[in-house]
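Structure data follow from upload02.tsv (TSV, C-alpha atoms):
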chain	number	residue	atom	x	y	z
W	1	MET	CA	55.21	67.86	-122.43
W	2	ILE	CA	55.40	67.42	-126.21
W	3	SER	CA	58.10	65.31	-127.83
W	4	LEU	CA	59.50	66.37	-131.20
W	5	VAL	CA	61.16	63.40	-132.89
W	6	GLY	CA	63.46	64.06	-135.83
W	7	GLU	CA	65.73	61.95	-137.99
W	8	ALA	CA	69.41	62.25	-137.08
W	9	TYR	CA	72.09	64.77	-136.26
W	10	GLY	CA	73.33	67.21	-138.83
W	11	GLU	CA	76.74	68.86	-138.63
W	12	ASN	CA	75.70	71.44	-136.01
W	13	GLU	CA	73.73	68.91	-134.02
W	14	GLU	CA	76.70	66.58	-133.90
W	15	ARG	CA	78.95	69.39	-132.74
W	16	LEU	CA	76.65	70.34	-129.83
W	17	GLY	CA	75.28	66.85	-129.21
W	18	ARG	CA	71.73	68.24	-129.39
W	19	PRO	CA	68.94	67.88	-131.95
W	20	PHE	CA	67.47	70.75	-133.97
W	21	VAL	CA	70.11	73.42	-133.47
W	22	GLY	CA	71.01	73.88	-137.14
W	23	ALA	CA	69.04	75.21	-140.13
W	24	ALA	CA	66.24	72.65	-139.64
W	25	GLY	CA	66.03	73.69	-135.99
W	26	VAL	CA	65.62	77.33	-136.95
W	27	GLN	CA	62.82	76.36	-139.31
W	28	LEU	CA	61.19	74.25	-136.59
W	29	VAL	CA	61.29	77.14	-134.11
W	30	GLN	CA	59.62	79.41	-136.66
W	31	LEU	CA	57.01	76.75	-137.51
W	32	LEU	CA	56.14	76.27	-133.85
W	33	GLY	CA	55.86	80.02	-133.46
W	34	ASP	CA	53.66	80.48	-136.52
W	35	SER	CA	51.37	77.63	-135.47
W	36	GLY	CA	50.94	78.95	-131.94
W	37	LEU	CA	52.24	75.72	-130.47
W	38	MET	CA	55.25	77.59	-129.06
W	39	PRO	CA	54.57	81.34	-129.17
W	40	LEU	CA	57.90	83.08	-129.56
W	41	THR	CA	58.85	85.43	-126.74
W	42	PRO	CA	60.98	88.59	-127.16
W	43	TYR	CA	63.88	86.50	-125.81
W	44	ASP	CA	63.30	83.88	-128.52
W	45	GLN	CA	63.18	86.58	-131.18
W	46	SER	CA	66.42	88.10	-129.91
W	47	MET	CA	68.14	84.70	-130.06
W	48	LEU	CA	66.91	84.19	-133.63
W	49	HIS	CA	68.24	87.64	-134.53
W	50	SER	CA	71.59	86.79	-132.96
W	51	TYR	CA	71.69	83.51	-134.91
W	52	TRP	CA	71.28	85.31	-138.22
W	53	THR	CA	73.57	88.23	-137.45
W	54	LYS	CA	76.36	86.41	-135.62
W	55	GLY	CA	77.45	83.70	-138.00
W	56	LYS	CA	74.53	81.27	-137.58
W	57	ASP	CA	75.90	80.04	-134.28
W	58	PRO	CA	73.79	77.00	-133.23
W	59	ASN	CA	74.24	77.88	-129.56
W	60	TYR	CA	71.62	80.60	-129.98
W	61	ILE	CA	69.06	78.04	-131.13
W	62	ALA	CA	70.03	75.82	-128.20
W	63	LEU	CA	69.25	78.73	-125.88
W	64	ILE	CA	65.75	79.00	-127.37
W	65	TRP	CA	65.09	75.32	-126.65
W	66	ASP	CA	66.47	75.73	-123.14
W	67	ALA	CA	63.85	78.44	-122.57
W	68	HIS	CA	61.04	76.00	-123.51
W	69	PRO	CA	61.27	72.94	-121.27
W	70	GLU	CA	57.72	72.04	-122.29
W	71	PHE	CA	59.29	70.51	-125.41
W	72	HIS	CA	61.37	67.36	-125.46
W	73	LEU	CA	63.63	67.08	-128.52
W	74	THR	CA	65.13	63.87	-129.77
W	75	ASN	CA	66.06	61.92	-132.90
W	76	VAL	CA	65.61	58.40	-134.14
W	77	PHE	CA	69.39	58.24	-134.55
W	78	ASN	CA	71.68	60.20	-132.27
W	79	LEU	CA	74.45	60.24	-134.83
W	80	HIS	CA	75.42	62.10	-137.98
W	81	PRO	CA	75.02	59.84	-141.05
W	82	VAL	CA	77.66	60.11	-143.73
W	83	ARG	CA	76.59	62.82	-146.20
W	84	ASN	CA	73.37	63.19	-144.15
W	85	ASP	CA	72.18	60.06	-145.97
W	86	LEU	CA	70.25	57.42	-144.00
W	87	ASP	CA	71.01	54.91	-146.75
W	88	THR	CA	74.48	54.66	-145.22
W	89	LEU	CA	72.86	53.05	-142.16
W	90	CYS	CA	71.11	50.42	-144.25
W	91	ALA	CA	71.76	47.18	-146.08
W	92	PRO	CA	69.76	44.83	-148.33
W	93	LYS	CA	67.10	42.75	-146.57
W	94	GLY	CA	69.12	39.55	-146.70
W	95	GLU	CA	72.00	41.10	-144.77
W	96	VAL	CA	70.04	42.19	-141.66
W	97	SER	CA	68.03	40.48	-138.94
W	98	PRO	CA	64.28	40.26	-139.61
W	99	GLY	CA	61.62	42.17	-137.74
W	100	LEU	CA	61.84	45.76	-138.97
W	101	PRO	CA	60.18	47.28	-142.05
W	102	ALA	CA	62.27	48.95	-144.73
W	103	LEU	CA	63.58	52.36	-143.76
W	104	ARG	CA	63.90	53.26	-147.44
W	105	PRO	CA	62.69	51.27	-150.46
W	106	GLY	CA	64.80	48.10	-150.44
W	107	LYS	CA	66.91	49.46	-147.56
W	108	TYR	CA	66.83	47.90	-144.09
W	109	LEU	CA	68.51	49.15	-140.92
W	110	ARG	CA	71.79	47.38	-140.21
W	111	ASP	CA	71.90	45.44	-136.96
W	112	GLU	CA	74.55	47.63	-135.36
W	113	PHE	CA	72.17	50.63	-135.45
W	114	ARG	CA	69.15	48.90	-133.90
W	115	PRO	CA	70.09	50.04	-130.37
W	116	HIS	CA	69.15	53.56	-131.45
W	117	LEU	CA	65.53	52.43	-131.71
W	118	ASP	CA	65.63	50.86	-128.26
W	119	ARG	CA	67.13	54.06	-126.87
W	120	LEU	CA	64.42	56.19	-128.53
W	121	LEU	CA	61.56	54.09	-127.16
W	122	SER	CA	63.09	53.98	-123.67
W	123	GLU	CA	63.53	57.75	-123.79
W	124	LEU	CA	59.90	58.33	-124.78
W	125	ARG	CA	58.63	55.97	-122.09
W	126	ARG	CA	60.70	57.86	-119.52
W	127	VAL	CA	59.57	61.30	-120.68
W	128	ASN	CA	55.96	60.15	-121.13
W	129	PRO	CA	54.86	63.09	-123.31
W	130	SER	CA	51.22	64.00	-123.79
W	131	LEU	CA	51.86	64.05	-127.53
W	132	CYS	CA	54.65	63.04	-129.88
W	133	ILE	CA	55.15	64.83	-133.20
W	134	ALA	CA	56.90	62.58	-135.70
W	135	LEU	CA	58.88	64.80	-138.05
W	136	GLY	CA	59.51	63.06	-141.36
W	137	ASN	CA	59.70	59.52	-142.70
W	138	ALA	CA	62.36	58.21	-140.32
W	139	ALA	CA	60.34	59.20	-137.27
W	140	CYS	CA	57.18	57.66	-138.77
W	141	TRP	CA	59.15	54.49	-139.49
W	142	ALA	CA	60.43	54.27	-135.92
W	143	LEU	CA	57.18	55.12	-134.16
W	144	LEU	CA	54.44	53.91	-136.50
W	145	GLY	CA	56.19	51.17	-138.45
W	146	THR	CA	55.52	52.84	-141.78
W	147	THR	CA	56.88	55.53	-144.07
W	148	GLY	CA	55.14	57.70	-146.65
W	149	VAL	CA	54.60	60.71	-144.40
W	150	SER	CA	52.70	62.57	-147.14
W	151	LYS	CA	49.90	59.97	-146.91
W	152	ILE	CA	49.59	59.77	-143.13
W	153	ARG	CA	50.55	63.26	-141.97
W	154	GLY	CA	48.12	65.28	-139.92
W	155	VAL	CA	46.30	62.27	-138.46
W	156	ALA	CA	46.61	61.41	-134.77
W	157	THR	CA	47.26	57.76	-134.03
W	158	TYR	CA	49.07	55.60	-131.48
W	159	ALA	CA	52.72	54.53	-131.60
W	160	LYS	CA	53.19	50.91	-132.61
W	161	ALA	CA	55.59	49.97	-129.81
W	162	ILE	CA	54.01	52.27	-127.17
W	163	PRO	CA	50.23	51.86	-127.55
W	164	THR	CA	49.43	54.71	-125.16
W	165	LEU	CA	51.63	57.27	-126.93
W	166	LYS	CA	49.66	59.57	-129.26
W	167	VAL	CA	51.55	60.55	-132.40
W	168	ILE	CA	50.90	63.14	-135.10
W	169	PRO	CA	53.13	62.79	-138.17
W	170	THR	CA	54.13	65.74	-140.30
W	171	TYR	CA	56.97	66.81	-142.55
W	172	HIS	CA	60.51	67.28	-141.28
W	173	PRO	CA	61.54	70.94	-141.25
W	174	ALA	CA	64.52	70.06	-143.47
W	175	ALA	CA	62.04	68.95	-146.14
W	176	ILE	CA	60.49	72.42	-146.04
W	177	LEU	CA	63.88	73.97	-146.73
W	178	ARG	CA	63.95	71.90	-149.93
W	179	GLN	CA	60.26	72.27	-150.82
W	180	TRP	CA	58.79	75.49	-149.48
W	181	ASP	CA	55.17	74.74	-150.41
W	182	LEU	CA	55.10	72.11	-147.63
W	183	ARG	CA	55.30	74.86	-145.06
W	184	VAL	CA	51.59	75.74	-144.94
W	185	THR	CA	50.62	72.09	-144.49
W	186	THR	CA	53.19	71.59	-141.72
W	187	THR	CA	52.04	74.74	-139.93
W	188	MET	CA	48.45	73.53	-140.00
W	189	ASP	CA	49.50	70.09	-138.77
W	190	LEU	CA	51.20	71.78	-135.83
W	191	GLN	CA	48.05	73.81	-135.16
W	192	LYS	CA	46.19	70.51	-134.96
W	193	ALA	CA	48.92	69.19	-132.66
W	194	LYS	CA	48.28	72.14	-130.36
W	195	ARG	CA	44.62	71.14	-130.08
W	196	GLN	CA	45.47	67.46	-129.68
W	197	SER	CA	47.99	68.13	-126.91
W	198	ALA	CA	45.14	69.07	-124.57
W	199	PHE	CA	44.16	65.41	-124.07
W	200	PRO	CA	46.15	62.15	-124.17
W	201	GLU	CA	43.82	59.89	-126.14
W	202	VAL	CA	43.07	59.73	-129.86
W	203	ARG	CA	39.58	61.07	-130.46
W	204	ARG	CA	37.59	60.45	-133.61
W	205	PRO	CA	34.39	62.30	-134.53
W	206	ASP	CA	31.14	60.46	-133.87
W	207	ARG	CA	29.28	60.04	-137.14
W	208	THR	CA	26.33	57.96	-138.33
W	209	VAL	CA	26.31	57.04	-142.02
W	210	PHE	CA	23.47	55.05	-143.57
W	211	ILE	CA	24.87	53.11	-146.52
W	212	GLU	CA	22.31	50.54	-147.76
W	213	PRO	CA	18.88	52.21	-147.71
W	214	ASP	CA	15.60	51.07	-149.23
W	215	LEU	CA	12.91	53.46	-150.47
W	216	ALA	CA	11.25	53.63	-147.07
W	217	ASP	CA	14.61	54.59	-145.55
W	218	LEU	CA	14.97	57.42	-148.07
W	219	ASP	CA	11.55	58.84	-147.19
W	220	TRP	CA	12.32	58.55	-143.46
W	221	PHE	CA	15.70	60.27	-143.88
W	222	TYR	CA	14.15	63.11	-145.87
W	223	GLU	CA	11.47	63.85	-143.29
W	224	LYS	CA	13.78	63.50	-140.29
W	225	TYR	CA	16.89	65.27	-141.56
W	226	ILE	CA	16.61	66.88	-145.01
W	227	SER	CA	13.35	68.75	-144.43
W	228	THR	CA	14.81	70.60	-141.44
W	229	ALA	CA	18.37	71.08	-142.70
W	230	ARG	CA	19.89	74.50	-143.27
W	231	ARG	CA	22.60	73.16	-145.58
W	232	ILE	CA	23.28	69.84	-147.27
W	233	ALA	CA	26.65	68.52	-148.40
W	234	ILE	CA	26.44	66.45	-151.59
W	235	ASP	CA	29.13	64.26	-153.12
W	236	ILE	CA	28.95	61.82	-156.03
W	237	GLU	CA	31.14	58.86	-156.92
W	238	THR	CA	31.43	57.63	-160.48
W	239	VAL	CA	32.35	54.47	-162.35
W	240	GLY	CA	33.14	55.33	-165.96
W	241	ASP	CA	30.40	57.69	-167.10
W	242	GLN	CA	27.87	56.47	-164.50
W	243	ILE	CA	27.18	57.69	-160.99
W	244	SER	CA	27.77	54.76	-158.65
W	245	CYS	CA	26.49	56.42	-155.48
W	246	ILE	CA	25.60	59.81	-154.04
W	247	GLY	CA	26.16	60.94	-150.46
W	248	PHE	CA	24.02	63.50	-148.62
W	249	ALA	CA	25.02	65.02	-145.28
W	250	PRO	CA	22.54	67.44	-143.68
W	251	SER	CA	24.85	67.90	-140.67
W	252	THR	CA	28.40	67.16	-139.58
W	253	ASP	CA	27.42	63.91	-137.85
W	254	ILE	CA	24.68	62.42	-140.05
W	255	ALA	CA	24.88	61.27	-143.66
W	256	LEU	CA	23.24	58.86	-146.08
W	257	THR	CA	24.59	57.22	-149.21
W	258	VAL	CA	22.27	56.30	-152.06
W	259	PRO	CA	23.90	53.47	-154.05
W	260	PHE	CA	23.15	52.75	-157.70
W	261	ILE	CA	25.92	50.34	-158.70
W	262	ASP	CA	26.58	47.25	-156.56
W	263	TYR	CA	28.61	44.45	-158.10
W	264	ARG	CA	27.60	42.14	-155.28
W	265	LYS	CA	24.08	42.23	-156.73
W	266	GLY	CA	25.04	41.78	-160.35
W	267	GLY	CA	25.78	45.45	-160.96
W	268	ASN	CA	22.57	47.22	-159.93
W	269	TYR	CA	21.85	48.07	-156.30
W	270	TRP	CA	18.12	48.49	-156.79
W	271	PRO	CA	16.15	45.27	-157.42
W	272	ASN	CA	14.06	46.62	-160.32
W	273	LEU	CA	13.67	49.60	-162.62
W	274	ARG	CA	10.68	51.03	-160.75
W	275	GLN	CA	12.64	51.28	-157.50
W	276	GLU	CA	15.69	52.76	-159.22
W	277	VAL	CA	13.54	55.45	-160.85
W	278	SER	CA	12.01	56.21	-157.46
W	279	ALA	CA	15.50	56.52	-155.95
W	280	TRP	CA	16.52	58.97	-158.69
W	281	ASP	CA	13.31	60.95	-158.05
W	282	TRP	CA	14.34	61.15	-154.39
W	283	VAL	CA	17.79	62.42	-155.37
W	284	ARG	CA	16.17	65.03	-157.61
W	285	ARG	CA	13.90	66.10	-154.76
W	286	VAL	CA	16.86	66.60	-152.41
W	287	CYS	CA	18.93	68.44	-155.01
W	288	MET	CA	16.03	70.85	-155.69
W	289	SER	CA	15.16	71.32	-152.01
W	290	PRO	CA	15.45	74.77	-150.34
W	291	PRO	CA	18.53	74.19	-148.12
W	292	GLY	CA	21.87	75.52	-149.39
W	293	LYS	CA	24.14	72.96	-151.04
W	294	VAL	CA	27.85	72.39	-150.39
W	295	PHE	CA	30.15	70.43	-152.73
W	296	GLN	CA	33.78	69.41	-153.11
W	297	ASN	CA	34.73	70.19	-156.72
W	298	GLY	CA	31.07	70.90	-157.33
W	299	LEU	CA	31.49	71.92	-160.96
W	300	PHE	CA	32.12	68.26	-161.76
W	301	ASP	CA	29.25	66.90	-159.63
W	302	ILE	CA	26.67	69.47	-160.73
W	303	HIS	CA	27.57	69.04	-164.40
W	304	ARG	CA	27.42	65.23	-164.17
W	305	LEU	CA	24.02	65.31	-162.45
W	306	TRP	CA	22.56	67.65	-165.07
W	307	ARG	CA	24.10	66.30	-168.28
W	308	GLY	CA	23.83	62.63	-167.32
W	309	TYR	CA	20.57	62.52	-165.40
W	310	GLY	CA	18.70	65.78	-165.98
W	311	ILE	CA	18.92	66.71	-162.30
W	312	ARG	CA	19.37	70.36	-161.44
W	313	VAL	CA	20.87	71.45	-158.13
W	314	ALA	CA	19.22	74.43	-156.49
W	315	ASN	CA	20.78	76.89	-154.04
W	316	CYS	CA	24.45	75.98	-154.48
W	317	GLU	CA	26.34	77.95	-151.84
W	318	ASP	CA	29.88	76.74	-151.29
W	319	ASP	CA	32.61	74.54	-152.70
W	320	THR	CA	35.15	73.32	-150.15
W	321	MET	CA	37.83	72.87	-152.82
W	322	LEU	CA	37.49	76.46	-154.05
W	323	LEU	CA	37.27	77.86	-150.54
W	324	SER	CA	40.46	76.03	-149.59
W	325	HIS	CA	42.16	77.26	-152.73
W	326	SER	CA	41.28	80.85	-151.85
W	327	LEU	CA	42.94	80.39	-148.44
W	328	HIS	CA	45.99	78.36	-149.48
W	329	PRO	CA	46.45	78.35	-153.27
W	330	GLU	CA	49.80	76.56	-152.96
W	331	SER	CA	48.36	73.53	-151.13
W	332	LEU	CA	46.66	70.35	-152.32
W	333	LYS	CA	42.88	70.42	-152.80
W	334	GLY	CA	41.81	66.75	-152.68
W	335	LEU	CA	39.13	65.76	-150.21
W	336	ALA	CA	41.42	63.39	-148.29
W	337	TYR	CA	43.98	66.19	-147.89
W	338	LEU	CA	41.35	68.68	-146.73
W	339	GLY	CA	40.04	66.10	-144.28
W	340	SER	CA	43.52	65.70	-142.81
W	341	ILE	CA	43.75	69.47	-142.34
W	342	TRP	CA	40.30	70.42	-141.11
W	343	THR	CA	39.04	67.30	-139.33
W	344	ASP	CA	40.18	64.67	-136.86
W	345	GLU	CA	39.12	61.79	-139.09
W	346	ALA	CA	41.48	58.93	-139.73
W	347	SER	CA	43.28	58.91	-143.06
W	348	TRP	CA	40.81	58.02	-145.82
W	349	LYS	CA	42.68	54.86	-146.80
W	350	LEU	CA	42.97	53.81	-143.16
W	351	GLU	CA	39.34	54.60	-142.30
W	352	PHE	CA	38.27	50.96	-142.23
W	353	ARG	CA	40.52	50.42	-139.21
W	354	HIS	CA	38.40	52.86	-137.18
W	355	SER	CA	34.95	52.00	-138.49
W	356	LYS	CA	32.41	49.50	-137.22
W	357	THR	CA	30.74	49.35	-140.63
W	358	ILE	CA	32.93	48.80	-143.66
W	359	LYS	CA	31.99	50.02	-147.11
W	360	LYS	CA	34.68	49.47	-149.72
W	361	ASP	CA	34.65	51.36	-152.99
W	362	ASN	CA	34.08	49.20	-156.05

Write out the structure in this file as C-alpha cells.
Amino acid sequence: MISLVGEAYGENEERLGRPFVGAAGVQLVQLLGDSGLMPLTPYDQSMLHSYWTKGKDPNYIALIWDAHPEFHLTNVFNLHPVRNDLDTLCAPKGEVSPGLPALRPGKYLRDEFRPHLDRLLSELRRVNPSLCIALGNAACWALLGTTGVSKIRGVATYAKAIPTLKVIPTYHPAAILRQWDLRVTTTMDLQKAKRQSAFPEVRRPDRTVFIEPDLADLDWFYEKYISTARRIAIDIETVGDQISCIGFAPSTDIALTVPFIDYRKGGNYWPNLRQEVSAWDWVRRVCMSPPGKVFQNGLFDIHRLWRGYGIRVANCEDDTMLLSHSLHPESLKGLAYLGSIWTDEASWKLEFRHSKTIKKDN
C-alpha cells in the first residue's frame, strides 16, 4: 500500500470528510495516471467524465479512490483551515510549546492542533505503507521535520518520527493548479515513487570516487579505467576565473577528481609547479583521448578549458543539460535537479549525510 499525505481539507473534502475529492484530488488522480503509478481504468475515466459534466460533484472522485484500495489517503490536518490558510493554525514561537519546527517562516503550530500530528503518525503506523508520498510543504514538515519541498523533492528518505517509513516528497497537486510548470516534475517524481514502491528500504547507488590523488594515482586510474572507457563524463568546478577541480567518470560507479585549489594547503593542491604541470598534462591527455565525452552545460566547461588552459576536448558527444531541455523545456536544468529526477542519489546539499568520505566545496 502507498500512503498519499496531503495538507488539510478543502471545502469539498470537509463536506465529504475525505481527502483529495476536490480540484486537487482530480489533479492527483490525473498525475497518478500519467505517471503509471495508478493506471486509470475505463471506470476511472468514466467517473472523471461524470465529475466534469455533472457539476464537479466530489462524490465521483471519491468513487475513483474507492476503486483503488492500494492507496491510503490522508492529511496532516483533518480540518478545513479558515480561507485555506495554514497560518490560521499558527502563532509566534513564544506562544506555543517547544519541540516542533516552524510550519511557515516565523509561524509555529498552536498547541491545540498538535493532536493532528499524533493522529497522522498513529494512522501511518497502523496502515504500515510500503511508501509514503509527502505532497507539499506541510506533509514534509510533519514527516521529515523540514519544509522547502522544492529543495528535497524527488529524493527517498526516512520519516523522522517513523524511521522505517520511506518517504518521497513532491509538490502538492494544488500547487500545480497555481503553477502548471511543476506538473512535469511531479509526474516524474511519481514515476520514481512507482519504482521505489517495489522495496521498503531506501537504496542509494554504490559509487567509488577518488578525491585526493597523486601523480601515480592518475596514471593508475588512466590505465585501469580511462583507457578502456567507451565514454567519459567530465565536469569542472571554478573559483573566480580559475578551475578548482575537474571530475572524470568513465562509468556510472567510478569517478576521480583532480584538485588544483586546496585552501587547506595554502591554496595549491599540488606541492610544486612540476607536479601541477604534470597533472594538467594528464587532464589534457584525458580530454584528447578517443572515448566520447559527456558534459553538463559543456559549452561553459569546454570554453573554460580551452581559453584558460589551452586544453581541447576531443569527441564531445552529449550534454545532459541540453538533452534534458529537449525533453522538458519547461523544467529546471541544474545538475542537482537532474540528479533528483534521473538518479536515486541523495539531495546534493544533503549528500554528506549519506557519504563515508566527505569533500566540502571551498

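Every polymer residue reaching to within 10 Å of (19.0, 51.3, -152.0), counting all atoms listed in the file, appears in this list: Ile211, Glu212, Pro213, Asp214, Leu215, Ala216, Asp217, Leu218, Cys245, Thr257, Val258, Pro259, Phe260, Ile261, Asp262, Asn268, Tyr269, Trp270, Pro271, Gln275, Glu276 and Ala279 of chain W.
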
Requested write-out: C-alpha atoms of the selected residues, as a compact mmCIF listing (two decimals), keeping the file's coordinate frame:
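After the write, result-v8.txt holds the following:
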# COMPACT_ATOMS: atom_id res chain seq x y z
CA ILE W 211 24.87 53.11 -146.52
CA GLU W 212 22.31 50.54 -147.76
CA PRO W 213 18.88 52.21 -147.71
CA ASP W 214 15.60 51.07 -149.23
CA LEU W 215 12.91 53.46 -150.47
CA ALA W 216 11.25 53.63 -147.07
CA ASP W 217 14.61 54.59 -145.55
CA LEU W 218 14.97 57.42 -148.07
CA CYS W 245 26.49 56.42 -155.48
CA THR W 257 24.59 57.22 -149.21
CA VAL W 258 22.27 56.30 -152.06
CA PRO W 259 23.90 53.47 -154.05
CA PHE W 260 23.15 52.75 -157.70
CA ILE W 261 25.92 50.34 -158.70
CA ASP W 262 26.58 47.25 -156.56
CA ASN W 268 22.57 47.22 -159.93
CA TYR W 269 21.85 48.07 -156.30
CA TRP W 270 18.12 48.49 -156.79
CA PRO W 271 16.15 45.27 -157.42
CA GLN W 275 12.64 51.28 -157.50
CA GLU W 276 15.69 52.76 -159.22
CA ALA W 279 15.50 56.52 -155.95

Determine the nearest neighbour of Ala336 of chain W from the options W:Ser150, W:Ala175, W:Thr208, W:Asp281, counting all atoms listed in the file. W:Ser150

For Pro250 of chain W, which residue out of W:Arg119, W:His172, W:Arg178, W:Arg231 is the nearest one, using all atoms listed in the file?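 Of all the options, W:Arg231 lies closest to Pro250 of chain W.
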
Which distance in Å separates atom CA of Val283 of chain W and atom CA of Ser324 of chain W, to one decimal? 27.1 Å

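The interatomic distance for the pair atom CA of Pro173 of chain W and atom CA of Leu28 of chain W works out to 5.7 Å.
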
For atom CA of Cys132 of chain W and atom CA of Thr170 of chain W, the interatomic separation in Å (one decimal):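 Result for atom CA of Cys132 of chain W versus atom CA of Thr170 of chain W: 10.8 Å, one decimal.
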
Long-range neighbours of segment 50-64 of chain W as a PyMOL selection string, 12 Å cut-off, all atoms listed in the file, 4 positions minimum in chain: chain W and resi 10-30+32-33+38-46+68-71+73

Contacts of Asp253 of chain W at 8 Å (only C-alpha atoms; same-chain gap of 2+ positions) as an MDAnalysis selection string: chainID W and resid 205:208 249 251 255

Residues as selected, C-alpha atoms, written as an mmCIF file, in the frame of the given file, can you do that?
data_model
loop_
_atom_site.group_PDB
_atom_site.id
_atom_site.type_symbol
_atom_site.label_atom_id
_atom_site.label_comp_id
_atom_site.auth_asym_id
_atom_site.auth_seq_id
_atom_site.Cartn_x
_atom_site.Cartn_y
_atom_site.Cartn_z
ATOM 1 C CA PRO W 205 34.390 62.300 -134.530
ATOM 2 C CA ASP W 206 31.140 60.460 -133.870
ATOM 3 C CA ARG W 207 29.280 60.040 -137.140
ATOM 4 C CA THR W 208 26.330 57.960 -138.330
ATOM 5 C CA ALA W 249 25.020 65.020 -145.280
ATOM 6 C CA SER W 251 24.850 67.900 -140.670
ATOM 7 C CA ALA W 255 24.880 61.270 -143.660
#

Skipping near chain neighbours, those fewer than 5 positions away, what residues fall within 12 Å of segment 299-308 of chain W using all atoms listed in the file, listed as number ranges by chain? W: 233-247, 280, 283-284, 287-288, 293-294, 313-316, 318-322

From the options W:Ala229, W:Val209, W:Val76, W:Val286, which residue's atoms come nearest to Arg114 of chain W, counting all atoms listed in the file?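 The answer is W:Val76, which sits nearest to Arg114 of chain W.
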
Any idea what's packed within 8 Å of Arg204 of chain W, counting all atoms listed in the file, ignoring anything in its chain fewer than 2 positions away? Could you give it as an NGL selection string? :W and (202 or 206 or 344-346)

Ref. answer, residues at most 8 Å from (48.4, 57.9, -141.4) with all atoms listed in the file, as an MDAnalysis selection string: chainID W and resid 149 151:157 169 346:347 350

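The shortest atom-to-atom distance to Cys140 of chain W, with all atoms listed in the file taken into account, belongs to W:Ile168 out of W:Ile168, W:Leu48, W:Leu124, W:Leu31.
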
Return as lines of an AutoDock Vina configuration file the box centre and box size in Å, one decimal, for an axis-aligned box around all listed atoms of segment 20-29 of chain W padded by 3 Å per side.
center_x = 66.1
center_y = 74.0
center_z = -136.8
size_x = 15.8
size_y = 12.6
size_z = 12.7

Using all atoms listed in the file, which of W:Leu79, W:Thr146, W:Pro92, W:Asp189 sits nearest Phe113 of chain W?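 Going through W:Leu79, W:Thr146, W:Pro92, W:Asp189 one by one, the smallest distance to Phe113 of chain W is for W:Leu79.
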
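Comparing the minimum interatomic distances between Ala198 of chain W and each of W:Ala8, W:Leu273, W:Leu131, W:Leu100, counting all atoms listed in the file, we find that W:Leu131 sits nearest.
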